[in-house]
file input.cif (mmCIF, C-alpha atoms)
data_work
#
loop_
_atom_site.group_PDB
_atom_site.id
_atom_site.type_symbol
_atom_site.label_atom_id
_atom_site.label_comp_id
_atom_site.auth_asym_id
_atom_site.auth_seq_id
_atom_site.Cartn_x
_atom_site.Cartn_y
_atom_site.Cartn_z
ATOM 1 C CA MET J 1 0.942 12.358 25.152
ATOM 2 C CA ASP J 2 3.363 14.225 22.865
ATOM 3 C CA LEU J 3 3.168 15.595 19.350
ATOM 4 C CA GLU J 4 5.505 13.062 17.704
ATOM 5 C CA SER J 5 3.655 9.992 18.973
ATOM 6 C CA THR J 6 0.333 11.609 18.036
ATOM 7 C CA LEU J 7 1.638 12.276 14.520
ATOM 8 C CA ASP J 8 2.695 8.634 14.214
ATOM 9 C CA GLU J 9 -0.743 7.488 15.326
ATOM 10 C CA LEU J 10 -2.824 9.866 13.231
ATOM 11 C CA TYR J 11 -0.955 9.552 9.937
ATOM 12 C CA ALA J 12 -1.077 5.750 10.154
ATOM 13 C CA LEU J 13 -4.901 5.930 10.097
ATOM 14 C CA ARG J 14 -7.051 5.760 6.992
ATOM 15 C CA PRO J 15 -8.024 9.255 5.782
ATOM 16 C CA ASP J 16 -11.678 8.711 6.723
ATOM 17 C CA GLU J 17 -10.634 7.892 10.311
ATOM 18 C CA PHE J 18 -8.261 10.832 10.743
ATOM 19 C CA THR J 19 -10.527 13.722 11.739
ATOM 20 C CA ALA J 20 -12.434 11.981 14.536
ATOM 21 C CA VAL J 21 -9.278 10.652 16.206
ATOM 22 C CA ARG J 22 -7.468 13.984 15.771
ATOM 23 C CA ASN J 23 -10.287 15.849 17.519
ATOM 24 C CA GLN J 24 -10.323 13.248 20.275
ATOM 25 C CA ARG J 25 -6.563 13.603 20.888
ATOM 26 C CA ALA J 26 -6.830 17.391 20.878
ATOM 27 C CA ALA J 27 -9.604 17.203 23.482
ATOM 28 C CA GLU J 28 -7.491 14.859 25.625
ATOM 29 C CA ALA J 29 -4.538 17.261 25.508
ATOM 30 C CA ARG J 30 -6.817 20.159 26.448
ATOM 31 C CA ARG J 31 -8.253 18.236 29.415
ATOM 32 C CA ALA J 32 -4.670 17.444 30.486
ATOM 33 C CA GLY J 33 -3.986 21.194 30.591
ATOM 34 C CA ASP J 34 -1.620 21.301 27.573
ATOM 35 C CA ARG J 35 -3.379 23.947 25.506
ATOM 36 C CA GLU J 36 -0.417 24.453 23.135
ATOM 37 C CA LEU J 37 -0.276 20.745 22.254
ATOM 38 C CA ALA J 38 -4.051 20.684 21.825
ATOM 39 C CA GLU J 39 -3.893 23.577 19.345
ATOM 40 C CA ARG J 40 -1.049 21.970 17.394
ATOM 41 C CA ILE J 41 -2.923 18.685 17.155
ATOM 42 C CA ARG J 42 -6.125 20.466 16.180
ATOM 43 C CA ALA J 43 -4.234 22.220 13.339
ATOM 44 C CA LEU J 44 -3.101 18.930 11.746
ATOM 45 C CA ARG J 45 -4.612 18.364 8.328
ATOM 46 C CA ARG J 46 -6.290 15.216 7.137
ATOM 47 C CA PRO J 47 -4.033 13.512 4.551
ATOM 48 C CA THR J 48 -5.073 13.086 0.955
ATOM 49 C CA VAL J 49 -5.329 9.529 -0.315
ATOM 50 C CA SER J 50 -2.029 9.850 -2.201
ATOM 51 C CA ALA J 51 -0.191 11.292 0.825
ATOM 52 C CA TRP J 52 -1.605 8.547 3.064
ATOM 53 C CA ALA J 53 -0.544 5.852 0.590
ATOM 54 C CA GLY J 54 2.976 7.351 0.530
ATOM 55 C CA ASN J 55 3.052 7.288 4.340
ATOM 56 C CA MET J 56 1.934 3.644 4.228
ATOM 57 C CA LEU J 57 4.843 2.819 1.930
ATOM 58 C CA VAL J 58 7.317 4.370 4.380
ATOM 59 C CA ARG J 59 5.784 2.591 7.373
ATOM 60 C CA ARG J 60 5.197 -0.833 5.820
ATOM 61 C CA GLU J 61 8.293 -1.006 3.594
ATOM 62 C CA PRO J 62 11.088 0.863 5.423
ATOM 63 C CA ASP J 63 13.719 -1.041 3.425
ATOM 64 C CA LYS J 64 12.543 0.832 0.328
ATOM 65 C CA VAL J 65 13.300 4.257 1.845
ATOM 66 C CA ARG J 66 17.098 4.090 1.801
ATOM 67 C CA PRO J 67 17.475 2.885 -1.834
ATOM 68 C CA LEU J 68 15.240 5.679 -3.126
ATOM 69 C CA ILE J 69 17.075 8.331 -1.115
ATOM 70 C CA SER J 70 20.452 6.905 -2.186
ATOM 71 C CA LEU J 71 19.325 6.977 -5.800
ATOM 72 C CA GLY J 72 18.358 10.637 -5.382
ATOM 73 C CA GLU J 73 21.811 11.414 -3.990
ATOM 74 C CA GLY J 74 23.388 9.635 -6.945
ATOM 75 C CA LEU J 75 21.249 11.538 -9.444
ATOM 76 C CA ARG J 76 22.092 14.893 -7.876
ATOM 77 C CA GLU J 77 25.773 13.930 -7.834
ATOM 78 C CA ALA J 78 25.632 12.994 -11.503
ATOM 79 C CA HIS J 79 23.927 16.324 -12.292
ATOM 80 C CA ARG J 80 26.567 18.143 -10.308
ATOM 81 C CA ASN J 81 29.349 16.478 -12.302
ATOM 82 C CA LEU J 82 27.479 16.570 -15.631
ATOM 83 C CA ASP J 83 28.067 12.828 -16.001
ATOM 84 C CA GLY J 84 25.854 11.936 -18.948
ATOM 85 C CA GLU J 85 26.402 8.181 -18.854
ATOM 86 C CA GLN J 86 25.604 7.907 -15.163
ATOM 87 C CA LEU J 87 22.620 10.231 -15.598
ATOM 88 C CA ARG J 88 21.174 7.952 -18.275
ATOM 89 C CA GLU J 89 21.698 4.816 -16.198
ATOM 90 C CA LEU J 90 20.369 6.339 -12.973
ATOM 91 C CA GLY J 91 17.482 7.933 -14.879
ATOM 92 C CA ARG J 92 16.466 4.492 -16.166
ATOM 93 C CA GLN J 93 16.600 3.122 -12.618
ATOM 94 C CA GLN J 94 14.611 6.143 -11.409
ATOM 95 C CA HIS J 95 11.806 5.401 -13.875
ATOM 96 C CA LEU J 96 11.649 1.709 -12.905
ATOM 97 C CA LEU J 97 11.901 2.302 -9.164
ATOM 98 C CA VAL J 98 9.321 5.100 -9.010
ATOM 99 C CA GLY J 99 6.832 3.066 -11.040
ATOM 100 C CA ALA J 100 7.322 -0.048 -8.912
ATOM 101 C CA LEU J 101 7.048 1.825 -5.598
ATOM 102 C CA ALA J 102 3.955 3.746 -6.724
ATOM 103 C CA ARG J 103 2.257 0.477 -7.671
ATOM 104 C CA GLU J 104 3.254 -1.021 -4.333
ATOM 105 C CA ALA J 105 1.769 1.976 -2.482
ATOM 106 C CA ARG J 106 -1.481 1.506 -4.434
ATOM 107 C CA GLN J 107 -1.528 -2.186 -3.487
ATOM 108 C CA LEU J 108 -0.932 -1.412 0.205
ATOM 109 C CA ALA J 109 -3.851 1.024 0.108
ATOM 110 C CA ALA J 110 -6.059 -1.587 -1.584
ATOM 111 C CA GLU J 111 -5.230 -4.081 1.178
ATOM 112 C CA GLU J 112 -6.616 -1.522 3.648
ATOM 113 C CA GLY J 113 -9.803 -1.179 1.608
ATOM 114 C CA GLN J 114 -8.868 2.216 0.119
ATOM 115 C CA SER J 115 -8.923 2.581 -3.666
ATOM 116 C CA VAL J 116 -6.340 4.794 -5.374
ATOM 117 C CA GLY J 117 -7.555 6.401 -8.577
ATOM 118 C CA ASP J 118 -5.406 7.495 -11.496
ATOM 119 C CA ALA J 119 -5.082 11.079 -10.223
ATOM 120 C CA ALA J 120 -3.951 9.928 -6.771
ATOM 121 C CA PHE J 121 -1.573 7.413 -8.379
ATOM 122 C CA HIS J 122 0.099 10.196 -10.382
ATOM 123 C CA GLU J 123 0.402 12.229 -7.161
ATOM 124 C CA ILE J 124 2.218 9.290 -5.532
ATOM 125 C CA GLU J 125 4.624 9.219 -8.480
ATOM 126 C CA ALA J 126 5.126 13.000 -8.196
ATOM 127 C CA THR J 127 5.955 12.622 -4.496
ATOM 128 C CA LEU J 128 8.569 9.948 -5.254
ATOM 129 C CA HIS J 129 10.111 12.130 -7.989
ATOM 130 C CA ALA J 130 10.271 14.986 -5.466
ATOM 131 C CA VAL J 131 12.069 12.663 -3.017
ATOM 132 C CA LEU J 132 14.676 11.954 -5.691
ATOM 133 C CA ALA J 133 15.114 15.598 -6.616
ATOM 134 C CA ASP J 134 15.056 17.378 -3.260
ATOM 135 C CA PRO J 135 16.740 16.253 -0.004
ATOM 136 C CA GLU J 136 14.206 18.242 2.046
ATOM 137 C CA ALA J 137 11.362 16.414 0.301
ATOM 138 C CA ALA J 138 13.162 13.132 1.037
ATOM 139 C CA ARG J 139 13.329 14.072 4.733
ATOM 140 C CA GLN J 140 9.619 14.897 4.859
ATOM 141 C CA TRP J 141 8.632 11.674 3.065
ATOM 142 C CA ALA J 142 10.837 9.503 5.296
ATOM 143 C CA GLY J 143 9.043 10.923 8.356
ATOM 144 C CA GLY J 144 5.768 9.307 7.257
ATOM 145 C CA HIS J 145 3.631 12.353 8.192
ATOM 146 C CA LEU J 146 2.693 13.791 4.790
ATOM 147 C CA ASP J 147 -0.743 15.368 4.477
ATOM 148 C CA ARG J 148 -0.336 16.498 0.870
ATOM 149 C CA PRO J 149 1.614 15.073 -2.085
ATOM 150 C CA LEU J 150 5.016 16.597 -2.797
ATOM 151 C CA ASN J 151 5.917 18.227 -6.098
ATOM 152 C CA ALA J 152 9.305 17.824 -7.709
ATOM 153 C CA PRO J 153 11.009 21.174 -8.394
ATOM 154 C CA VAL J 154 12.127 22.162 -11.861
ATOM 155 C CA GLY J 155 15.634 20.725 -12.093
ATOM 156 C CA PHE J 156 17.443 19.462 -9.029
ATOM 157 C CA THR J 157 17.903 21.188 -5.684
ATOM 158 C CA GLY J 158 20.331 20.351 -2.941
ATOM 159 C CA LEU J 159 23.426 21.398 -4.879
ATOM 160 C CA GLU J 160 26.363 23.211 -3.311
ATOM 161 C CA ALA J 161 24.629 26.571 -3.096
ATOM 162 C CA GLY J 162 21.102 25.224 -2.630
ATOM 163 C CA ALA J 163 18.252 25.604 -5.073
ATOM 164 C CA GLY J 164 19.193 27.558 -8.166
ATOM 165 C CA ALA J 165 22.898 26.921 -7.795
ATOM 166 C CA THR J 166 24.865 26.712 -10.998
ATOM 167 C CA VAL J 167 27.059 23.772 -11.821
ATOM 168 C CA ARG J 168 30.695 24.783 -11.788
ATOM 169 C CA PRO J 169 33.331 22.984 -13.837
ATOM 170 C CA ALA J 170 35.856 20.967 -11.916
ATOM 171 C CA ARG J 171 39.012 22.827 -11.068
ATOM 172 C CA ARG J 172 42.179 21.896 -12.887
ATOM 173 C CA PRO J 173 45.014 20.563 -10.746
ATOM 174 C CA PRO J 174 47.776 23.114 -10.191
ATOM 175 C CA GLU J 175 50.720 23.017 -12.544
ATOM 176 C CA PRO J 176 53.612 21.105 -11.015
ATOM 177 C CA PRO J 177 56.637 23.208 -10.109
ATOM 178 C CA PRO J 178 59.606 22.864 -12.421
ATOM 179 C CA GLU J 179 61.940 20.013 -11.585
ATOM 180 C CA PRO J 180 60.338 18.971 -8.323
ATOM 181 C CA PRO J 181 62.393 16.840 -5.983
ATOM 182 C CA PRO J 182 61.558 13.159 -6.214
ATOM 183 C CA GLU J 183 58.728 12.241 -3.857
ATOM 184 C CA PRO J 184 56.416 9.270 -3.542
ATOM 185 C CA SER J 185 53.628 9.693 -6.047
ATOM 186 C CA ARG J 186 50.432 11.072 -4.573
ATOM 187 C CA GLU J 187 46.956 10.877 -5.927
ATOM 188 C CA PRO J 188 45.715 14.405 -6.759
ATOM 189 C CA ALA J 189 42.958 15.679 -4.491
ATOM 190 C CA GLU J 190 40.610 15.928 -7.455
ATOM 191 C CA ASP J 191 41.193 12.270 -8.365
ATOM 192 C CA ALA J 192 40.456 11.204 -4.796
ATOM 193 C CA GLY J 193 37.250 13.227 -4.862
ATOM 194 C CA ALA J 194 36.298 11.670 -8.180
ATOM 195 C CA ARG J 195 36.921 8.222 -6.734
ATOM 196 C CA ARG J 196 34.706 9.003 -3.752
ATOM 197 C CA ARG J 197 32.001 10.249 -6.091
ATOM 198 C CA ARG J 198 32.235 7.077 -8.174
ATOM 199 C CA GLU J 199 32.014 4.930 -5.053
ATOM 200 C CA LYS J 200 28.998 6.894 -3.868
ATOM 201 C CA LEU J 201 27.313 6.554 -7.252
ATOM 202 C CA ASP J 202 28.137 2.854 -7.329
ATOM 203 C CA ARG J 203 26.484 2.417 -3.937
ATOM 204 C CA ALA J 204 23.462 4.352 -5.138
ATOM 205 C CA ARG J 205 23.293 2.171 -8.265
ATOM 206 C CA GLN J 206 23.536 -1.001 -6.172
ATOM 207 C CA ASP J 207 20.818 0.249 -3.819
ATOM 208 C CA ALA J 208 18.597 1.091 -6.761
ATOM 209 C CA GLU J 209 19.180 -2.306 -8.369
ATOM 210 C CA GLU J 210 18.367 -4.042 -5.086
ATOM 211 C CA ALA J 211 15.206 -1.960 -4.701
ATOM 212 C CA GLU J 212 14.272 -2.771 -8.300
ATOM 213 C CA ARG J 213 14.776 -6.485 -7.593
ATOM 214 C CA GLN J 214 12.640 -6.286 -4.450
ATOM 215 C CA ALA J 215 9.939 -4.381 -6.309
ATOM 216 C CA HIS J 216 9.954 -7.047 -9.036
ATOM 217 C CA GLU J 217 9.600 -9.761 -6.400
ATOM 218 C CA CYS J 218 6.726 -7.838 -4.815
ATOM 219 C CA GLU J 219 4.991 -7.596 -8.192
ATOM 220 C CA GLN J 220 5.434 -11.334 -8.744
ATOM 221 C CA ALA J 221 4.088 -12.075 -5.264
ATOM 222 C CA HIS J 222 1.137 -9.784 -5.962
ATOM 223 C CA GLU J 223 0.413 -11.547 -9.247
ATOM 224 C CA GLU J 224 0.591 -14.948 -7.537
ATOM 225 C CA ALA J 225 -1.686 -13.743 -4.744
ATOM 226 C CA SER J 226 -4.141 -12.350 -7.298
ATOM 227 C CA ALA J 227 -4.162 -15.665 -9.168
ATOM 228 C CA ALA J 228 -4.717 -17.559 -5.905
ATOM 229 C CA LEU J 229 -7.543 -15.177 -5.037
ATOM 230 C CA GLU J 230 -9.178 -15.757 -8.405
ATOM 231 C CA ARG J 231 -8.932 -19.527 -7.920
ATOM 232 C CA SER J 232 -10.401 -19.247 -4.433
ATOM 233 C CA GLN J 233 -13.206 -17.044 -5.732
ATOM 234 C CA ALA J 234 -13.988 -19.551 -8.486
ATOM 235 C CA ALA J 235 -14.057 -22.385 -5.939
ATOM 236 C CA LEU J 236 -16.291 -20.311 -3.676
ATOM 237 C CA ASP J 237 -18.661 -19.568 -6.548
ATOM 238 C CA GLU J 238 -18.836 -23.278 -7.385
ATOM 239 C CA ILE J 239 -19.547 -24.160 -3.748
ATOM 240 C CA SER J 240 -22.204 -21.431 -3.558
ATOM 241 C CA GLU J 241 -23.893 -22.802 -6.657
ATOM 242 C CA ARG J 242 -23.814 -26.320 -5.193
ATOM 243 C CA VAL J 243 -25.237 -25.085 -1.889
ATOM 244 C CA ALA J 244 -28.030 -23.290 -3.756
ATOM 245 C CA ALA J 245 -28.798 -26.467 -5.728
ATOM 246 C CA LEU J 246 -28.835 -28.569 -2.559
ATOM 247 C CA ALA J 247 -31.083 -26.014 -0.867
ATOM 248 C CA GLN J 248 -33.475 -26.257 -3.823
ATOM 249 C CA GLU J 249 -33.414 -30.064 -3.645
ATOM 250 C CA LEU J 250 -34.048 -29.925 0.108
ATOM 251 C CA GLU J 251 -37.027 -27.618 -0.362
ATOM 252 C CA GLU J 252 -38.452 -29.920 -3.031
ATOM 253 C CA ALA J 253 -37.988 -32.949 -0.708
ATOM 254 C CA ARG J 254 -39.747 -31.105 2.110
ATOM 255 C CA GLU J 255 -42.621 -30.251 -0.209
ATOM 256 C CA ARG J 256 -42.897 -33.912 -1.225
ATOM 257 C CA GLU J 257 -42.865 -34.854 2.485
ATOM 258 C CA ARG J 258 -45.671 -32.374 3.236
ATOM 259 C CA ARG J 259 -47.688 -33.661 0.277
ATOM 260 C CA THR J 260 -47.203 -37.271 1.423
ATOM 261 C CA GLU J 261 -48.294 -36.364 4.954
ATOM 262 C CA ARG J 262 -51.452 -34.727 3.584
ATOM 263 C CA GLU J 263 -52.205 -37.787 1.469
ATOM 264 C CA LEU J 264 -51.594 -40.052 4.477
ATOM 265 C CA ARG J 265 -53.978 -38.048 6.677
ATOM 266 C CA SER J 266 -56.561 -38.114 3.916
ATOM 267 C CA ALA J 267 -56.199 -41.883 3.593
ATOM 268 C CA ARG J 268 -56.501 -42.313 7.350
ATOM 269 C CA ASP J 269 -59.600 -40.133 7.369
ATOM 270 C CA ARG J 270 -61.128 -42.168 4.565
ATOM 271 C CA ALA J 271 -60.256 -45.428 6.356
ATOM 272 C CA ALA J 272 -61.754 -44.164 9.595
ATOM 273 C CA GLY J 273 -64.904 -43.064 7.771
ATOM 274 C CA THR J 274 -65.238 -46.452 6.116
ATOM 275 C CA SER J 275 -64.769 -48.212 9.445
ATOM 276 C CA ARG J 276 -67.429 -46.067 11.118
ATOM 277 C CA ALA J 277 -69.841 -46.748 8.278
ATOM 278 C CA ALA J 278 -69.230 -50.484 8.548
ATOM 279 C CA VAL J 279 -69.879 -50.412 12.286
ATOM 280 C CA ALA J 280 -73.084 -48.430 11.756
ATOM 281 C CA ASP J 281 -74.277 -50.931 9.156
ATOM 282 C CA ALA J 282 -73.494 -53.793 11.504
ATOM 283 C CA LEU J 283 -75.425 -52.165 14.327
ATOM 284 C CA ARG J 284 -78.380 -51.564 12.097
ATOM 285 C CA GLY J 285 -78.320 -55.263 11.081
ATOM 286 C CA VAL J 286 -78.242 -56.402 14.690
ATOM 287 C CA ASP J 287 -81.067 -54.035 15.542
ATOM 288 C CA ALA J 288 -83.177 -55.424 12.689
ATOM 289 C CA VAL J 289 -82.619 -59.021 13.852
ATOM 290 C CA CYS J 290 -83.555 -58.177 17.404
ATOM 291 C CA HIS J 291 -86.830 -56.622 16.403
#
call {"tool": "encode", "arguments": {"input": "input.cif", "output": "structure tokens"}}
result
Amino acid sequence: MDLESTLDELYALRPDEFTAVRNQRAAEARRAGDRELAERIRALRRPTVSAWAGNMLVRREPDKVRPLISLGEGLREAHRNLDGEQLRELGRQQHLLVGALAREARQLAAEEGQSVGDAAFHEIEATLHAVLADPEAARQWAGGHLDRPLNAPVGFTGLEAGAGATVRPARRPPEPPPEPPPEPSREPAEDAGARRRREKLDRARQDAEEAERQAHECEQAHEEASAALERSQAALDEISERVAALAQELEEARERERRTERELRSARDRAAGTSRAAVADALRGVDAVCH
């Protein structure tokens, strides 16, 4: 037993299952003589519903992790370069992607029998916004071991000097020396850096678009599954009603059978009584003749 595998096991459980299994694993580590591991396991906190749903999203849909993290990198890059057009485009993708992923996390929780209320749903959205804004939050979320929702910081972190860093204007290229000797033209270092930034943002945009497409497909599949479930439920209700009607008909037939059997026994009793009376009359007649 080690801490990492125990974390994977515990934070994959439903919140209402967490505490009992955690205490059991801590007791097992203590019996094995690893008191430090036992204490670390014992200190693990039960996840909130929103944190558990976010962990489920990471575990069940790992392909959604990279696009969201790439989109966060693109947004921070656009903030760093004060690129308004890219910020608007990536911001639109951020809104769509966060909404789609939060709804998918709620659906995954529902499939496990765990409802996600409005407050927990907003906490899932806040966690995803934090993933976009903060690379450390992205690292924590991608680990799948959250016990509490994450909160997005004010503004973006992860810039050149960390949180609170100021955005510096791009440096101007140095003035060329007078009458330079002819050389093959070279791309300025700043232009190469700008090209790399554009390529990185393009990749982030493509990842976000792909994630948006997948989220749309998931929503369509969910709608189709919901419609199929409604049809199945309607068919089941109809069958249940038919079964109830047949059961009622069967009970009525059994009652008619019991009534017929009673009438038959009564008729047999009457016939037997009549026969006995006839025999008695005949015997009395014979007796009268004999005497």
call {"tool": "residues_around", "arguments": {"input": "input.cif", "residues": "J:Asp118", "least_positions_apart": "5", "cutoff": "12 Å", "atoms": "all atoms listed in the file", "output": "VMD selection string"}}
result
chain J and resid 49 to 50 102 to 103 106 123 to 125
call {"tool": "write_last_selection", "arguments": {"input": "input.cif", "atoms": "C-alpha atoms", "output": "short mmCIF file (atom, residue, chain, number, x, y, z; two decimals), keeping the file's coordinate frame"}}
result
data_model
loop_
_atom_site.label_atom_id
_atom_site.label_comp_id
_atom_site.auth_asym_id
_atom_site.auth_seq_id
_atom_site.Cartn_x
_atom_site.Cartn_y
_atom_site.Cartn_z
CA VAL J 49 -5.33 9.53 -0.32
CA SER J 50 -2.03 9.85 -2.20
CA ALA J 102 3.96 3.75 -6.72
CA ARG J 103 2.26 0.48 -7.67
CA ARG J 106 -1.48 1.51 -4.43
CA GLU J 123 0.40 12.23 -7.16
CA ILE J 124 2.22 9.29 -5.53
CA GLU J 125 4.62 9.22 -8.48
#
call {"tool": "atom_distance", "arguments": {"input": "input.cif", "atom1": "atom CA of J:Lys64", "atom2": "atom CA of J:Val98"}}
result
10.8 Å
call {"tool": "closest_residue", "arguments": {"input": "input.cif", "among": "J:Ala51, J:Ile239, J:Leu97, J:Met1", "to": "J:Gly144", "atoms": "all atoms listed in the file"}}
result
J:Ala51
call {"tool": "residues_around", "arguments": {"input": "input.cif", "residues": "J:Leu44", "least_positions_apart": "6", "cutoff": "9 Å", "atoms": "only C-alpha atoms", "output": "number ranges by chain"}}
result
J: 7, 22, 147
call {"tool": "write_last_selection", "arguments": {"input": "input.cif", "atoms": "C-alpha atoms", "output": "compact mmCIF listing (two decimals), keeping the file's coordinate frame"}}
result
# COMPACT_ATOMS: atom_id res chain seq x y z
CA LEU J 7 1.64 12.28 14.52
CA ARG J 22 -7.47 13.98 15.77
CA ASP J 147 -0.74 15.37 4.48
call {"tool": "residues_around", "arguments": {"input": "input.cif", "residues": "J:Arg30", "least_positions_apart": "4", "cutoff": "12 Å", "atoms": "all atoms listed in the file", "output": "MDAnalysis selection string"}}
result
chainID J and resid 1 23:26 34:42
call {"tool": "atom_distance", "arguments": {"input": "input.cif", "atom1": "atom CA of J:Glu9", "atom2": "atom CA of J:Val58"}}
result
13.9 Å
call {"tool": "closest_residue", "arguments": {"input": "input.cif", "among": "J:Leu128, J:Val243, J:Ala105, J:Ala119", "to": "J:Ile69", "atoms": "only C-alpha atoms"}}
result
J:Leu128
call {"tool": "atom_distance", "arguments": {"input": "input.cif", "atom1": "atom CA of J:Trp141", "atom2": "atom CA of J:Glu28"}}
result
27.9 Å
call {"tool": "closest_residue", "arguments": {"input": "input.cif", "among": "J:Leu75, J:Ala20, J:Ala142, J:Ala253", "to": "J:Arg46", "atoms": "all atoms listed in the file"}}
result
J:Ala20
call {"tool": "closest_residue", "arguments": {"input": "input.cif", "among": "J:Asn151, J:Thr260, J:Ser266, J:Thr127", "to": "J:Leu57", "atoms": "only C-alpha atoms"}}
result
J:Thr127
call {"tool": "closest_residue", "arguments": {"input": "input.cif", "among": "J:Arg88, J:Arg203, J:Arg14, J:His145", "to": "J:Arg66", "atoms": "only C-alpha atoms"}}
result
J:Arg203
call {"tool": "closest_residue", "arguments": {"input": "input.cif", "among": "J:Gly54, J:Gly273, J:Arg256, J:Glu85", "to": "J:Gly143", "atoms": "all atoms listed in the file"}}
result
J:Gly54
call {"tool": "axis_aligned_box", "arguments": {"input": "input.cif", "around": "stretch 112-117 of chain J", "padding_each_side": "5 Å", "output": "AutoDock Vina command-line options"}}
result
--center_x -8.1 --center_y 2.4 --center_z -2.5 --size_x 13.5 --size_y 17.9 --size_z 22.2
